[in-house]
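Student: Structure supplied as upload38.cif; contents: mmCIF, C-alpha atoms.
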```cif
data_protein
loop_
_atom_site.label_atom_id
_atom_site.label_comp_id
_atom_site.auth_asym_id
_atom_site.auth_seq_id
_atom_site.Cartn_x
_atom_site.Cartn_y
_atom_site.Cartn_z
CA MET P 1 0.00 0.00 0.00
CA ASN P 2 1.44 3.35 -0.99
CA PRO P 3 -0.02 6.05 1.24
CA HIS P 4 1.01 8.72 -1.24
CA SER P 5 -1.38 7.27 -3.78
CA MET P 6 -4.33 7.60 -1.40
CA SER P 7 -6.37 10.55 -0.26
CA PHE P 8 -6.04 11.96 3.21
CA ALA P 9 -7.17 9.55 5.95
CA ASP P 10 -8.23 6.80 3.53
CA GLN P 11 -5.92 4.31 5.16
CA TYR P 12 -7.30 4.93 8.67
CA LEU P 13 -10.91 6.10 8.44
CA ARG P 14 -14.01 4.46 7.07
CA TYR P 15 -15.62 7.82 6.32
CA PRO P 16 -12.86 10.36 5.60
CA ASP P 17 -15.40 12.79 4.18
CA LEU P 18 -17.02 13.03 7.62
CA PHE P 19 -13.82 14.26 9.26
CA PRO P 20 -14.77 16.79 11.98
CA ALA P 21 -14.83 20.31 10.59
CA ARG P 22 -14.18 21.97 13.95
CA VAL P 23 -13.03 21.14 17.46
CA GLY P 24 -16.19 19.97 19.18
CA GLY P 25 -18.28 16.94 20.07
CA GLU P 26 -19.10 14.66 22.97
CA PRO P 27 -16.24 14.56 25.50
CA CYS P 28 -15.00 11.10 26.41
CA GLY P 29 -15.19 12.03 30.09
CA PRO P 30 -14.78 14.81 32.69
CA GLU P 31 -11.10 14.33 33.56
CA ALA P 32 -8.21 16.66 32.80
CA LEU P 33 -4.47 16.50 33.19
CA ALA P 34 -1.32 18.44 32.45
CA LEU P 35 1.72 16.77 30.94
CA ASP P 36 5.00 18.57 31.63
CA LEU P 37 7.34 18.78 28.65
CA PRO P 38 10.42 20.90 27.97
CA GLY P 39 9.09 24.37 27.21
CA GLY P 40 5.89 23.98 29.19
CA ALA P 41 2.95 21.70 29.89
CA HIS P 42 0.48 20.37 27.37
CA LEU P 43 -3.04 20.29 28.79
CA PHE P 44 -5.69 17.67 28.09
CA SER P 45 -9.38 17.65 28.97
CA GLY P 46 -12.37 15.44 28.25
CA LEU P 47 -10.71 12.18 29.34
CA THR P 48 -12.34 9.30 31.15
CA ALA P 49 -10.78 8.21 34.44
CA GLU P 50 -9.51 5.08 32.69
CA GLN P 51 -7.93 7.11 29.91
CA ARG P 52 -6.28 9.43 32.41
CA SER P 53 -4.91 6.48 34.36
CA GLY P 54 -3.47 5.00 31.19
CA VAL P 55 -1.69 8.24 30.38
CA GLU P 56 -0.41 8.52 33.96
CA ARG P 57 0.98 4.99 33.78
CA ARG P 58 2.68 5.83 30.47
CA PHE P 59 4.18 9.19 31.40
CA GLY P 60 4.48 8.83 35.18
CA PRO P 61 5.67 11.88 37.08
CA LEU P 62 5.31 14.15 34.07
CA CYS P 63 1.54 14.05 34.66
CA ARG P 64 -0.28 16.26 37.15
CA PRO P 65 -3.65 17.97 37.53
CA PRO P 66 -3.84 21.29 35.66
CA ALA P 67 -3.42 24.32 37.90
CA PRO P 68 -6.43 26.67 38.15
CA GLY P 69 -6.33 29.06 35.20
CA GLU P 70 -3.30 27.32 33.70
CA SER P 71 -2.80 28.15 30.04
CA GLY P 72 -0.84 26.46 27.30
CA PRO P 73 -1.46 24.22 24.34
CA TRP P 74 -4.70 22.38 24.98
CA THR P 75 -6.20 19.21 23.52
CA ARG P 76 -9.83 18.27 24.08
CA LEU P 77 -10.83 14.62 23.85
CA PHE P 78 -14.02 13.55 22.06
CA ARG P 79 -15.70 10.21 21.62
CA ALA P 80 -15.90 8.65 18.16
CA PRO P 81 -17.64 5.38 17.26
CA ASP P 82 -15.54 2.25 16.66
CA ASP P 83 -17.04 2.03 13.21
CA ASP P 84 -15.36 5.28 12.14
CA PHE P 85 -11.96 3.59 12.16
CA LEU P 86 -10.63 0.90 9.86
CA VAL P 87 -9.23 -2.26 11.46
CA ILE P 88 -5.58 -2.50 10.47
CA ASP P 89 -3.30 -5.51 10.65
CA THR P 90 -0.23 -3.93 12.24
CA ARG P 91 2.10 -6.93 11.90
CA GLY P 92 5.27 -5.78 10.17
CA TRP P 93 3.73 -2.37 9.68
CA GLU P 94 5.50 0.95 10.03
CA TYR P 95 3.15 3.46 11.57
CA ALA P 96 3.00 7.01 10.25
CA LEU P 97 0.35 9.60 10.93
CA ASP P 98 -1.49 10.94 7.92
CA LEU P 99 -1.33 14.74 7.84
CA ASP P 100 -3.27 17.32 5.90
CA PRO P 101 -1.73 20.75 6.53
CA ALA P 102 -3.81 23.75 5.54
CA PRO P 103 -3.57 27.48 6.26
CA GLU P 104 -6.18 27.29 9.01
CA GLY P 105 -4.85 24.17 10.74
CA VAL P 106 -3.73 20.59 10.34
CA ARG P 107 -5.91 17.51 10.10
CA VAL P 108 -4.37 14.34 11.48
CA ALA P 109 -5.49 10.74 11.03
CA GLY P 110 -3.97 7.67 12.58
CA LEU P 111 -4.67 4.39 14.27
CA ASN P 112 -7.99 4.93 16.05
CA LEU P 113 -7.57 8.68 16.02
CA MET P 114 -8.76 11.74 14.21
CA ALA P 115 -7.46 15.10 15.27
CA ARG P 116 -7.39 18.75 14.35
CA LEU P 117 -4.53 21.02 15.30
CA ASP P 118 -5.81 24.60 15.19
CA TRP P 119 -3.98 27.77 16.18
CA PRO P 120 -6.78 30.31 16.50
CA ALA P 121 -4.42 33.27 17.00
CA ALA P 122 -2.41 32.48 13.88
CA GLY P 123 -2.95 34.46 10.72
CA ALA P 124 -4.59 32.13 8.22
CA GLY P 125 -2.54 31.59 5.11
CA ASP P 126 0.39 33.57 6.41
CA ALA P 127 3.12 31.06 7.13
CA GLY P 128 5.53 33.62 8.51
CA GLY P 129 2.95 35.38 10.64
CA ALA P 130 1.53 32.14 11.94
CA ALA P 131 4.88 30.94 13.16
CA GLY P 132 5.09 32.97 16.31
CA ALA P 133 1.63 31.98 17.40
CA VAL P 134 1.86 28.27 16.68
CA GLY P 135 3.16 27.23 20.09
CA ALA P 136 1.09 28.14 23.07
CA SER P 137 -2.15 28.94 21.26
CA LEU P 138 -2.81 25.40 20.05
CA ARG P 139 -6.39 24.30 20.52
CA ALA P 140 -6.56 20.73 19.35
CA GLY P 141 -9.32 18.17 19.19
CA LEU P 142 -8.74 14.43 19.39
CA TRP P 143 -11.52 12.02 18.47
CA THR P 144 -11.00 8.39 19.39
CA CYS P 145 -12.85 5.17 20.09
CA GLU P 146 -10.12 3.96 22.44
CA ASP P 147 -11.38 3.84 26.04
CA GLU P 148 -9.07 1.27 27.57
CA GLY P 149 -6.17 3.09 29.22
CA GLU P 150 -3.27 0.99 27.93
CA LEU P 151 -4.56 1.32 24.38
CA PHE P 152 -5.49 4.97 24.72
CA ALA P 153 -2.07 6.14 25.94
CA PRO P 154 -0.33 5.48 22.59
CA VAL P 155 -3.17 7.25 20.77
CA LEU P 156 -2.63 10.33 22.88
CA GLU P 157 1.15 10.04 22.59
CA ASN P 158 1.05 9.91 18.81
CA LEU P 159 -0.94 13.13 18.65
CA LEU P 160 1.23 14.72 21.33
CA ARG P 161 4.36 13.97 19.30
CA ALA P 162 2.88 15.84 16.34
CA ALA P 163 1.65 18.77 18.42
CA TYR P 164 4.99 19.00 20.20
CA ALA P 165 6.90 19.01 16.91
CA TYR P 166 5.03 22.20 15.98
CA ARG P 167 5.57 23.69 19.39
CA LEU P 168 9.30 23.08 19.40
CA ALA P 169 9.65 24.55 15.91
CA ALA P 170 7.78 27.66 16.99
CA MET P 171 10.10 27.97 20.00
CA GLY P 172 13.17 28.00 17.76
CA GLY P 173 13.92 24.33 18.22
CA ALA P 174 13.21 21.10 16.42
CA LEU P 175 11.97 17.63 17.14
CA ILE P 176 14.58 15.35 15.61
CA HIS P 177 14.05 11.69 14.74
CA SER P 178 17.34 10.47 16.13
CA ALA P 179 19.22 8.60 18.80
CA GLY P 180 20.33 11.20 21.30
CA VAL P 181 23.46 9.95 23.08
CA VAL P 182 25.72 11.62 25.63
CA PHE P 183 29.40 10.89 26.28
CA ASP P 184 31.41 12.94 28.75
CA GLY P 185 28.76 15.63 28.94
CA ARG P 186 28.57 16.13 25.17
CA ALA P 187 25.46 15.19 23.18
CA PHE P 188 25.40 13.70 19.72
CA LEU P 189 22.33 13.39 17.53
CA LEU P 190 22.57 10.20 15.48
CA THR P 191 20.21 10.48 12.53
CA GLY P 192 19.33 8.29 9.59
CA PRO P 193 16.35 6.54 8.08
CA SER P 194 14.73 3.54 9.72
CA GLY P 195 17.20 0.67 9.69
CA ALA P 196 20.28 2.91 9.66
CA GLY P 197 21.25 1.70 13.12
CA LYS P 198 20.00 4.37 15.53
CA THR P 199 18.69 1.95 18.13
CA THR P 200 21.72 -0.31 17.78
CA ALA P 201 24.03 2.67 18.19
CA ALA P 202 22.07 3.75 21.26
CA SER P 203 22.47 0.27 22.76
CA LEU P 204 26.21 0.40 22.05
CA CYS P 205 26.37 3.78 23.70
CA LEU P 206 24.78 2.41 26.87
CA ALA P 207 27.12 -0.58 26.87
CA GLN P 208 30.12 1.74 26.53
CA GLY P 209 29.27 3.91 29.50
CA GLY P 210 27.33 6.65 27.79
CA SER P 211 23.78 7.85 28.31
CA VAL P 212 20.85 7.63 25.93
CA LEU P 213 18.19 10.31 25.97
CA SER P 214 15.93 8.61 23.42
CA ASP P 215 16.54 6.29 20.49
CA ASP P 216 13.60 7.83 18.62
CA LEU P 217 12.82 11.51 19.21
CA ASN P 218 14.93 14.20 20.84
CA ALA P 219 14.44 17.91 21.36
CA LEU P 220 16.95 20.23 19.73
CA ARG P 221 16.79 23.66 21.34
CA ALA P 222 18.77 26.88 21.34
CA ALA P 223 20.66 27.38 24.55
CA PRO P 224 19.07 30.05 26.73
CA GLY P 225 20.61 33.45 26.17
CA GLU P 226 23.15 32.27 23.63
CA GLY P 227 21.18 32.39 20.40
CA GLY P 228 23.33 32.54 17.32
CA ALA P 229 26.65 31.65 18.92
CA ALA P 230 28.52 28.58 17.74
CA GLY P 231 27.77 25.59 19.92
CA ALA P 232 24.66 27.28 21.23
CA PHE P 233 22.34 24.36 20.64
CA GLN P 234 21.38 21.77 23.19
CA VAL P 235 19.69 18.39 23.17
CA GLU P 236 16.96 17.73 25.68
CA LYS P 237 15.45 14.46 26.78
CA LEU P 238 11.83 13.79 25.85
CA PRO P 239 9.47 11.05 27.04
CA PHE P 240 9.18 9.67 23.49
CA THR P 241 11.15 6.46 23.09
CA GLY P 242 11.63 3.90 20.37
CA ASP P 243 12.47 0.21 20.45
CA LEU P 244 15.05 0.70 23.20
CA GLY P 245 12.47 2.06 25.61
CA GLU P 246 13.16 4.22 28.64
CA THR P 247 16.83 4.03 29.59
CA GLY P 248 16.61 5.76 32.95
CA THR P 249 18.66 8.78 31.90
CA ALA P 250 17.61 11.74 34.00
CA GLY P 251 15.91 14.63 32.25
CA GLY P 252 18.06 17.56 31.31
CA ARG P 253 19.93 19.39 28.54
CA TRP P 254 23.34 18.71 27.05
CA PRO P 255 25.34 20.81 24.59
CA LEU P 256 25.09 19.47 21.06
CA ALA P 257 28.60 18.47 19.98
CA ALA P 258 27.78 17.09 16.53
CA VAL P 259 25.10 15.78 14.23
CA VAL P 260 26.02 12.33 12.92
CA ARG P 261 24.22 10.73 9.99
CA LEU P 262 24.48 6.95 10.29
CA ARG P 263 25.05 4.46 7.52
CA LYS P 264 25.64 0.76 7.94
CA GLY P 265 28.83 -0.40 6.30
CA GLU P 266 31.53 -3.01 6.28
CA ALA P 267 34.16 -0.72 7.74
CA ASP P 268 34.18 2.27 10.05
CA ALA P 269 34.56 5.56 8.23
CA VAL P 270 33.78 9.16 9.04
CA ARG P 271 33.46 12.03 6.62
CA PRO P 272 32.38 15.58 7.32
CA LEU P 273 29.08 16.75 5.88
CA THR P 274 28.79 20.07 4.11
CA PRO P 275 26.33 22.52 5.67
CA GLY P 276 23.89 21.73 2.88
CA ALA P 277 24.11 18.00 3.51
CA ALA P 278 23.79 18.57 7.26
CA PHE P 279 20.73 20.72 6.70
CA ALA P 280 19.25 18.02 4.47
CA ALA P 281 19.94 15.32 7.06
CA LEU P 282 18.28 17.37 9.78
CA LEU P 283 15.32 18.34 7.64
CA ALA P 284 14.67 14.76 6.64
CA SER P 285 14.77 13.89 10.35
CA ALA P 286 12.38 16.62 11.50
CA PRO P 287 9.04 14.82 11.31
CA ILE P 288 5.61 16.37 10.88
CA VAL P 289 6.65 20.01 10.43
CA ASN P 290 8.93 19.24 7.48
CA ARG P 291 5.80 18.38 5.50
CA ASP P 292 3.83 21.48 6.41
CA PRO P 293 4.42 24.32 3.94
CA TYR P 294 2.39 26.74 6.07
CA ARG P 295 4.34 26.37 9.32
CA ARG P 296 7.73 25.10 8.20
CA GLU P 297 9.69 28.37 7.95
CA PRO P 298 10.80 28.62 11.61
CA LEU P 299 12.02 25.02 11.42
CA LEU P 300 14.03 25.73 8.27
CA ALA P 301 15.64 28.77 9.87
CA THR P 302 16.60 26.80 12.97
CA LEU P 303 18.00 23.86 11.04
CA GLU P 304 19.99 26.17 8.79
CA GLU P 305 21.55 27.78 11.85
CA VAL P 306 22.39 24.38 13.27
CA ALA P 307 23.88 23.25 9.95
CA LEU P 308 26.06 26.34 9.78
CA THR P 309 27.28 26.25 13.39
CA VAL P 310 27.37 22.64 14.57
CA PRO P 311 29.79 20.08 13.09
CA ALA P 312 28.13 17.29 11.14
CA TYR P 313 29.45 13.97 9.90
CA GLU P 314 28.42 10.84 8.10
CA LEU P 315 29.46 7.79 10.06
CA THR P 316 29.61 4.49 8.28
CA PHE P 317 30.05 1.82 10.90
CA ARG P 318 29.79 -1.89 11.52
CA LEU P 319 27.28 -1.85 14.39
CA GLY P 320 29.64 -3.24 16.97
CA ALA P 321 32.62 -1.01 16.66
CA GLY P 322 33.80 1.28 19.39
CA LEU P 323 31.21 3.96 19.03
CA ARG P 324 32.52 5.87 22.01
CA SER P 325 36.03 6.20 20.60
CA ILE P 326 34.67 7.18 17.18
CA LEU P 327 32.48 9.93 18.61
CA ALA P 328 35.20 11.07 21.00
CA ALA P 329 37.59 11.54 18.07
CA LEU P 330 35.23 13.77 16.09
CA PRO P 331 36.36 17.39 15.92
CA THR P 332 33.59 19.43 17.55
CA MET W 333 15.77 8.24 -23.58
CA SER W 334 14.87 11.82 -22.69
CA ASP W 335 12.59 13.92 -24.88
CA ILE W 336 14.16 17.11 -23.66
CA THR W 337 15.53 19.41 -26.34
CA PRO W 338 16.92 22.93 -26.19
CA ALA W 339 13.41 24.18 -26.96
CA THR W 340 11.87 22.45 -23.94
CA VAL W 341 10.57 24.71 -21.19
CA LEU W 342 10.65 23.22 -17.70
CA ARG W 343 9.18 24.32 -14.41
CA LYS W 344 9.65 23.08 -10.88
CA ARG W 345 6.94 20.71 -9.75
CA SER W 346 4.45 22.31 -7.43
CA ASP W 347 5.58 20.25 -4.44
CA VAL W 348 9.24 21.17 -4.81
CA ARG W 349 10.86 23.78 -2.56
CA TYR W 350 14.51 24.55 -2.22
CA ARG W 351 16.75 26.61 -0.05
CA ARG W 352 20.35 27.72 -0.40
CA VAL W 353 22.57 26.70 2.51
CA ALA W 354 26.18 27.87 2.23
CA GLY W 355 25.83 27.88 -1.55
CA GLU W 356 24.36 24.39 -1.91
CA ALA W 357 20.75 23.95 -2.93
CA VAL W 358 18.76 21.74 -0.59
CA VAL W 359 15.67 20.53 -2.39
CA LEU W 360 12.61 19.28 -0.56
CA ARG W 361 9.89 17.30 -2.24
CA GLN W 362 6.85 18.31 -0.27
CA SER W 363 4.75 15.26 -1.11
CA THR W 364 7.27 12.73 0.13
CA ALA W 365 9.50 14.80 2.45
CA GLU W 366 12.48 13.61 0.37
CA VAL W 367 15.49 15.90 0.59
CA LEU W 368 18.22 16.24 -2.02
CA VAL W 369 21.39 18.28 -1.94
CA LEU W 370 22.66 19.88 -5.14
CA ASN W 371 26.03 21.53 -5.50
CA GLU W 372 26.34 25.23 -6.22
CA LEU W 373 26.37 24.86 -9.99
CA ALA W 374 23.34 22.60 -9.96
CA GLY W 375 21.65 25.13 -7.71
CA ASP W 376 22.46 27.87 -10.23
CA ILE W 377 20.81 25.78 -12.93
CA LEU W 378 17.78 25.12 -10.75
CA ASP W 379 17.47 28.87 -10.36
CA LEU W 380 16.96 29.03 -14.13
CA VAL W 381 14.02 26.61 -14.04
CA ASP W 382 11.26 29.20 -14.03
CA GLY W 383 8.59 27.81 -16.34
CA GLU W 384 9.37 30.48 -18.94
CA ARG W 385 12.98 30.05 -20.01
CA SER W 386 13.84 27.14 -22.32
CA VAL W 387 16.73 24.76 -21.76
CA GLY W 388 18.34 26.59 -24.66
CA GLY W 389 17.99 29.72 -22.55
CA TRP W 390 19.99 28.03 -19.81
CA ILE W 391 22.69 27.32 -22.35
CA GLU W 392 22.76 30.93 -23.50
CA ARG W 393 22.89 32.15 -19.93
CA LEU W 394 25.62 29.83 -18.73
CA SER W 395 27.81 29.72 -21.82
CA GLY W 396 29.23 33.10 -20.92
CA GLU W 397 29.93 32.13 -17.32
CA TYR W 398 31.79 28.84 -17.66
CA ALA W 399 34.86 28.05 -19.73
CA VAL W 400 33.29 25.07 -21.48
CA GLU W 401 32.84 24.32 -25.18
CA ARG W 402 29.27 25.06 -26.12
CA PRO W 403 28.46 21.53 -27.43
CA THR W 404 29.75 20.11 -24.16
CA LEU W 405 27.71 22.57 -22.12
CA GLU W 406 24.61 21.81 -24.18
CA ARG W 407 25.01 18.07 -23.72
CA ASP W 408 25.65 18.43 -19.99
CA LEU W 409 22.64 20.67 -19.47
CA LEU W 410 20.33 18.40 -21.44
CA ASP W 411 21.58 15.45 -19.36
CA PHE W 412 21.07 17.42 -16.16
CA ALA W 413 17.58 18.46 -17.22
CA ALA W 414 16.78 14.80 -17.82
CA GLU W 415 18.09 13.95 -14.34
CA LEU W 416 15.92 16.62 -12.78
CA MET W 417 12.94 15.18 -14.63
CA GLU W 418 13.77 11.66 -13.54
CA ALA W 419 14.14 12.82 -9.94
CA GLY W 420 10.64 14.28 -10.12
CA LEU W 421 11.81 17.81 -9.42
CA VAL W 422 10.75 19.44 -12.68
CA GLU W 423 8.16 18.93 -15.38
CA PRO W 424 7.74 20.26 -18.91
CA VAL W 425 5.42 23.15 -19.54
CA GLU W 426 2.87 21.77 -21.97
CA GLY W 427 2.84 23.50 -25.34
CA ALA W 428 5.74 25.77 -24.45
CA ASN W 429 8.54 24.96 -26.82
CA ALA W 430 10.43 28.17 -27.00
CA PRO W 431 12.85 29.20 -29.74
CA LEU W 432 16.44 29.48 -28.65
CA GLU W 433 17.27 32.84 -27.19
CA GLY W 434 19.38 34.77 -29.64
CA GLY W 435 18.95 32.02 -32.21
#
```
Let me see whether you can do it: turn the structure in this file into structure tokens.
Tutor:
Amino acid sequence: MNPHSMSFADQYLRYPDLFPARVGGEPCGPEALALDLPGGAHLFSGLTAEQRSGVERRFGPLCRPPAPGESGPWTRLFRAPDDDFLVIDTRGWEYALDLDPAPEGVRVAGLNLMARLDWPAAGAGDAGGAAGAVGASLRAGLWTCEDEGELFAPVLENLLRAAYAYRLAAMGGALIHSAGVVFDGRAFLLTGPSGAGKTTAASLCLAQGGSVLSDDLNALRAAPGEGGAAGAFQVEKLPFTGDLGETGTAGGRWPLAAVVRLRKGEADAVRPLTPGAAFAALLASAPIVNRDPYRREPLLATLEEVALTVPAYELTFRLGAGLRSILAALPT
Amino acid sequence: MSDITPATVLRKRSDVRYRRVAGEAVVLRQSTAEVLVLNELAGDILDLVDGERSVGGWIERLSGEYAVERPTLERDLLDFAAELMEAGLVEPVEGANAPLEGG
């Protein structure tokens, strides 16, 4: 099945034409929670107690009740019938949200979810003007049939990943599909397409005394008060993990020493990437926002700055070599 | 075998965006999120793909800038145009076969 040959939401929804036109509907329940992320909390309302418990089990201490009058990006939960969603055989399947960016907002379809990401304060059709307002003003709607907590948590997480990608971009950062590893207080973002060896490299890093932030998604952010200076970008741990799962690394920020594009090969080899190639590697690894022509400009500006100021390399390696010594030897 | 001739007029496909980073052209295909990096010369050529100028116009424009025999330049540009087509970055403008500039 080639998703590019299909219309929006065809692969997930039985009735794509009935996609909600605005954020509204029957709430799943009366519960609310705040989920603390770098840059500020994301707020959720309209959950059932079971859904809230599932999210709390998934995200643990990052969850708390919203404070009275607390503001921030907000997602309201609404009930949708089971019949709205197609049953998908997920064996051997690589999951990707279906996105439909438009000037007024973004429609999202996925496994047992429909969602709208709207930024009411943003200027419709004005990509540059919308950028500054994308972050905190998000008012999203999530429609799902998933009531059981353990099954609901991934539904919420998948939407949260997309919403957070926009938020980070608007804050001058980027969500990067990567293994974020730390040796001796220096962070490296290991990028590459699926199968390039990110999770394996992250495992090697752990075995060689390093720390792993996430083997899937990491936050790239400008260092506070140092915008524009070389080495002024940091990598921050997010609660979004891949196959490796949670590694127990404490939350925090580390200076970004280098971006490393991974390739599997028969022998270890390192070559520097030009700024253009580094920019391309980062852009290809910046999910969700890299496909949105209306809200992509802040992301492009950030990634260009990273490409021009942070060393970048292509590492061909044998998945078993001394990753630590290779990274330690990189000029940064 | 490419059908591109010096009279062919090409335009960037609607889902193609590109950005110059330290001289290189980084090309993004919107529909697939594929990213390609072109060197500075290739970026200069991509700048000439405007939906109005023919490939022959590229030849006229670049022949004064590079110390290359004109037949060689023409062959290289036709080959490059074919590569851009094959990569899905450009498409011909229907019915727009322009005469060579200055010819």
Student: Quick one: residues within 12 Å of Ala32 of chain P, only C-alpha atoms counted, chain neighbours fewer than 5 positions away excluded, as an MDAnalysis selection string?
Tutor: chainID P and resid 27 42:53 55:56 63:68 70 74:77
Student: Show me which bits of chain P are within 6 Å of chain W, counting all atoms listed in the file, as a list in words.
Tutor: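 Per the criterion, chain P yields Gly276, Ala280 and Arg291 of chain P.
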Student: Please expand the PyMOL selection byres ((chain P and resi 299-307) around 9) into the concrete residues it hits in this file, giving the result as an MDAnalysis selection string.
Tutor: (chainID P and resid 166 168:170 172:174 221:222 228 230:233 259 274:280 282:283 286 289:290 295:298 308:312) or (chainID W and resid 351 353)
Student: Quick one: apply the PyMOL selection byres ((chain P and resi 198) around 12) to the file and drop the selected residues here as a PDB file with C-alpha atoms, in the coordinates of the input.
Tutor:
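Result file result-v4.pdb:
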```
ATOM      1  CA  HIS P 177      14.050  11.690  14.740  1.00  0.00           C
ATOM      2  CA  SER P 178      17.340  10.470  16.130  1.00  0.00           C
ATOM      3  CA  ALA P 179      19.220   8.600  18.800  1.00  0.00           C
ATOM      4  CA  GLY P 180      20.330  11.200  21.300  1.00  0.00           C
ATOM      5  CA  VAL P 181      23.460   9.950  23.080  1.00  0.00           C
ATOM      6  CA  PHE P 188      25.400  13.700  19.720  1.00  0.00           C
ATOM      7  CA  LEU P 189      22.330  13.390  17.530  1.00  0.00           C
ATOM      8  CA  LEU P 190      22.570  10.200  15.480  1.00  0.00           C
ATOM      9  CA  THR P 191      20.210  10.480  12.530  1.00  0.00           C
ATOM     10  CA  GLY P 192      19.330   8.290   9.590  1.00  0.00           C
ATOM     11  CA  PRO P 193      16.350   6.540   8.080  1.00  0.00           C
ATOM     12  CA  SER P 194      14.730   3.540   9.720  1.00  0.00           C
ATOM     13  CA  GLY P 195      17.200   0.670   9.690  1.00  0.00           C
ATOM     14  CA  ALA P 196      20.280   2.910   9.660  1.00  0.00           C
ATOM     15  CA  GLY P 197      21.250   1.700  13.120  1.00  0.00           C
ATOM     16  CA  THR P 199      18.690   1.950  18.130  1.00  0.00           C
ATOM     17  CA  THR P 200      21.720  -0.310  17.780  1.00  0.00           C
ATOM     18  CA  ALA P 201      24.030   2.670  18.190  1.00  0.00           C
ATOM     19  CA  ALA P 202      22.070   3.750  21.260  1.00  0.00           C
ATOM     20  CA  SER P 203      22.470   0.270  22.760  1.00  0.00           C
ATOM     21  CA  LEU P 204      26.210   0.400  22.050  1.00  0.00           C
ATOM     22  CA  CYS P 205      26.370   3.780  23.700  1.00  0.00           C
ATOM     23  CA  VAL P 212      20.850   7.630  25.930  1.00  0.00           C
ATOM     24  CA  SER P 214      15.930   8.610  23.420  1.00  0.00           C
ATOM     25  CA  ASP P 215      16.540   6.290  20.490  1.00  0.00           C
ATOM     26  CA  ASP P 216      13.600   7.830  18.620  1.00  0.00           C
ATOM     27  CA  LEU P 217      12.820  11.510  19.210  1.00  0.00           C
ATOM     28  CA  THR P 241      11.150   6.460  23.090  1.00  0.00           C
ATOM     29  CA  GLY P 242      11.630   3.900  20.370  1.00  0.00           C
ATOM     30  CA  ASP P 243      12.470   0.210  20.450  1.00  0.00           C
ATOM     31  CA  LEU P 244      15.050   0.700  23.200  1.00  0.00           C
ATOM     32  CA  VAL P 260      26.020  12.330  12.920  1.00  0.00           C
ATOM     33  CA  ARG P 261      24.220  10.730   9.990  1.00  0.00           C
ATOM     34  CA  LEU P 262      24.480   6.950  10.290  1.00  0.00           C
ATOM     35  CA  ARG P 263      25.050   4.460   7.520  1.00  0.00           C
ATOM     36  CA  LYS P 264      25.640   0.760   7.940  1.00  0.00           C
ATOM     37  CA  LEU P 315      29.460   7.790  10.060  1.00  0.00           C
ATOM     38  CA  PHE P 317      30.050   1.820  10.900  1.00  0.00           C
ATOM     39  CA  LEU P 319      27.280  -1.850  14.390  1.00  0.00           C
ATOM     40  CA  LEU P 323      31.210   3.960  19.030  1.00  0.00           C
TER      41      LEU P 323
END
```
Student: Out of W:Val425, W:Ala419, W:Ile391, W:Val381, which residue has the shortest atom-to-atom distance to Pro403 of chain W when counting all atoms listed in the file?
Tutor: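 Ranking W:Val425, W:Ala419, W:Ile391, W:Val381 by distance to Pro403 of chain W, first place goes to W:Ile391.
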